[in-house]
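Below is one structure; the comments refer to it alone.
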Amino acid sequence: MTVRELDIQSLEELARRLAQSVKPGDRFFLSGSLGAGKSTFARAFIRSLGVKGAIPSPTFIMDSVYSIAETGLEVHHMDLYRLEGSREEMLMLGFEEILESDAVVLIEWPERMEDFRERRGCTVLISDGDSSDSRRVQVEWNLAGY
C-alpha cells in the first residue's frame with residue numbers, strides 16, 4: 001500500500017490503525033531521514049495501545065520497553081541510529097533476543113541492521129512531502145514466516 005501524502009495527524013492515525021490489529025511478535029521497521037516522523041509514528045502507535053505519559057525517543061538508550069497490562073503485550077521501541085549494525089553488535093546488546101521474542105517491536109533506523117529487509121514485518125518508509133507539513137508514506141509487508 002502506498003499513501004502519497006499525509007499530514008502529521010494522518011500519519012498518527014495510520015499508526016493507530018496499524019496498532020489496532022497488532023499481535024505478539026509483530027515487527028515494524030520505521031525508515032526515513034532525521035525529522036521525517038519515525039518517532040511521531042512510534043509514539044502514536046504506542047499510545048494507542050494504552051501507554052500513558054511521556055514516550056521519549058530511545059536514541060540514547062536505544063531500547064524503551066512498555067508493558068501493556070490490558071493485553072499482556074510487551075512493546076519495544078528501538079532506535080538504532082547510533083549503531084554500526086553488525087550482527088555481533090546486535091547480539092552483544094541483546095537485540096537479536098528481543099527480535100526472536102513475542103514482543104511487539106518498533107525499530108527506527110532499521111537500515112542499521114544488516115538483514116532487516118529479510119525479516120518478516122511491516123516497513124514504514126516516511127519521507128518529506130510536497131510541503132513542510134506533509135509526509136510521503138509507503139507501507140510494505142514482508143509476510144515471510146506468517
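Identifiers in the C-alpha cells: chain A, B, ... in order shown; residue index from 1 per chain; ligand index from 1 in order shown.
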
query: Hey, what's within 12 Å of stretch 51-60 of chain A if we count only C-alpha atoms and toss same-chain stuff fewer than 4 positions away? As an MDAnalysis selection string, please?
result: chainID A and resid 34:35 37:47 64:71 73:83 106:109

May I have the residues within 8 Å of A:Asp133 as a PDB file with C-alpha atoms, in the first residue's frame, using only C-alpha atoms and disregarding those fewer than 3 positions away in the same chain?
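Below is the file around09.pdb, written as the result:
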ATOM      1  CA  ASP A   7      -0.155  15.441   7.263  1.00  0.00           C
ATOM      2  CA  ILE A   8       1.178  14.711  10.763  1.00  0.00           C
ATOM      3  CA  GLY A 129       6.161  15.520   1.238  1.00  0.00           C
TER       4      GLY A 129
END

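Distances here use only C-alpha atoms; by that measure, the residue among A:Ser101, A:Ser48, A:Val139, A:Val124 closest to A:Val22 is A:Ser48.
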
Expected answer as an MDAnalysis selection string: strand (DSSP E) residues in chain A: chainID A and resid 2:7 27:31 63:68 73:79 104:108 121:128 134:142

- request: as number ranges by chain, list the residues of stretch 11-143 of chain A assigned to helix (DSSP H, G or I) by DSSP on the backbone atoms of this structure.
  value: A: 11-20, 38-48, 87-92, 95-99, 110-112, 116-118

Produce a file of the selected residues containing C-alpha atoms, as a short mmCIF file (atom, residue, chain, number, x, y, z; two decimals), in the first residue's frame.
data_model
loop_
_atom_site.label_atom_id
_atom_site.label_comp_id
_atom_site.auth_asym_id
_atom_site.auth_seq_id
_atom_site.Cartn_x
_atom_site.Cartn_y
_atom_site.Cartn_z
CA LEU A 11 0.47 9.86 9.98
CA GLU A 12 -0.52 9.40 13.63
CA GLU A 13 -3.90 7.97 12.55
CA LEU A 14 -2.14 5.45 10.31
CA ALA A 15 -0.01 4.38 13.28
CA ARG A 16 -3.12 3.99 15.46
CA ARG A 17 -4.87 1.91 12.78
CA LEU A 18 -1.89 -0.40 12.42
CA ALA A 19 -1.70 -0.78 16.22
CA GLN A 20 -5.37 -1.85 16.39
CA LYS A 38 9.51 7.98 12.72
CA SER A 39 9.27 8.87 16.43
CA THR A 40 5.92 10.60 15.87
CA PHE A 41 4.61 7.41 14.28
CA ALA A 42 6.02 5.23 17.09
CA ARG A 43 4.56 7.44 19.85
CA ALA A 44 1.08 7.39 18.30
CA PHE A 45 1.31 3.60 17.86
CA ILE A 46 2.41 3.03 21.48
CA ARG A 47 -0.13 5.48 22.94
CA SER A 48 -2.93 3.74 21.07
CA ARG A 87 25.45 -8.88 13.78
CA GLU A 88 27.94 -9.07 16.67
CA GLU A 89 26.81 -5.68 17.95
CA MET A 90 23.16 -6.71 17.75
CA LEU A 91 23.93 -9.90 19.70
CA MET A 92 26.03 -8.08 22.31
CA PHE A 95 18.64 -7.10 20.23
CA GLU A 96 18.60 -10.46 18.45
CA GLU A 97 16.96 -12.00 21.52
CA ILE A 98 14.31 -9.26 21.52
CA LEU A 99 13.67 -9.81 17.81
CA PRO A 110 16.34 -0.45 10.71
CA GLU A 111 18.79 0.00 7.84
CA ARG A 112 21.50 -0.19 10.54
CA PHE A 116 16.36 -6.16 8.19
CA ARG A 117 14.85 -6.48 4.69
CA GLU A 118 14.85 -10.26 5.10
#

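When only C-alpha atoms are used to measure the gap to A:Ile126, the shortest distance among A:Pro24, A:Gln138, A:Leu6, A:Glu84 belongs to A:Gln138.
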
query: For the atom pair atom CA of A:Ala103 and atom CA of A:Gly50, what is the interatomic distance in Å to one decimal place?
result: 15.5 Å

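The gap separating atom CA of A:Ser132 from atom CA of A:Asp63 is 29.0 Å, in Å to one decimal.
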
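Considering the residues A:Glu5, A:Leu143, A:Arg27, A:Gly32 and counting only C-alpha atoms, A:Asp130 has its shortest atom-to-atom contact with A:Glu5.
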
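When only C-alpha atoms are used to compute distances to A:Gly121, the closest of the residues A:Asn142, A:Gln9, A:Ser31, A:Ser21 turns out to be A:Asn142.
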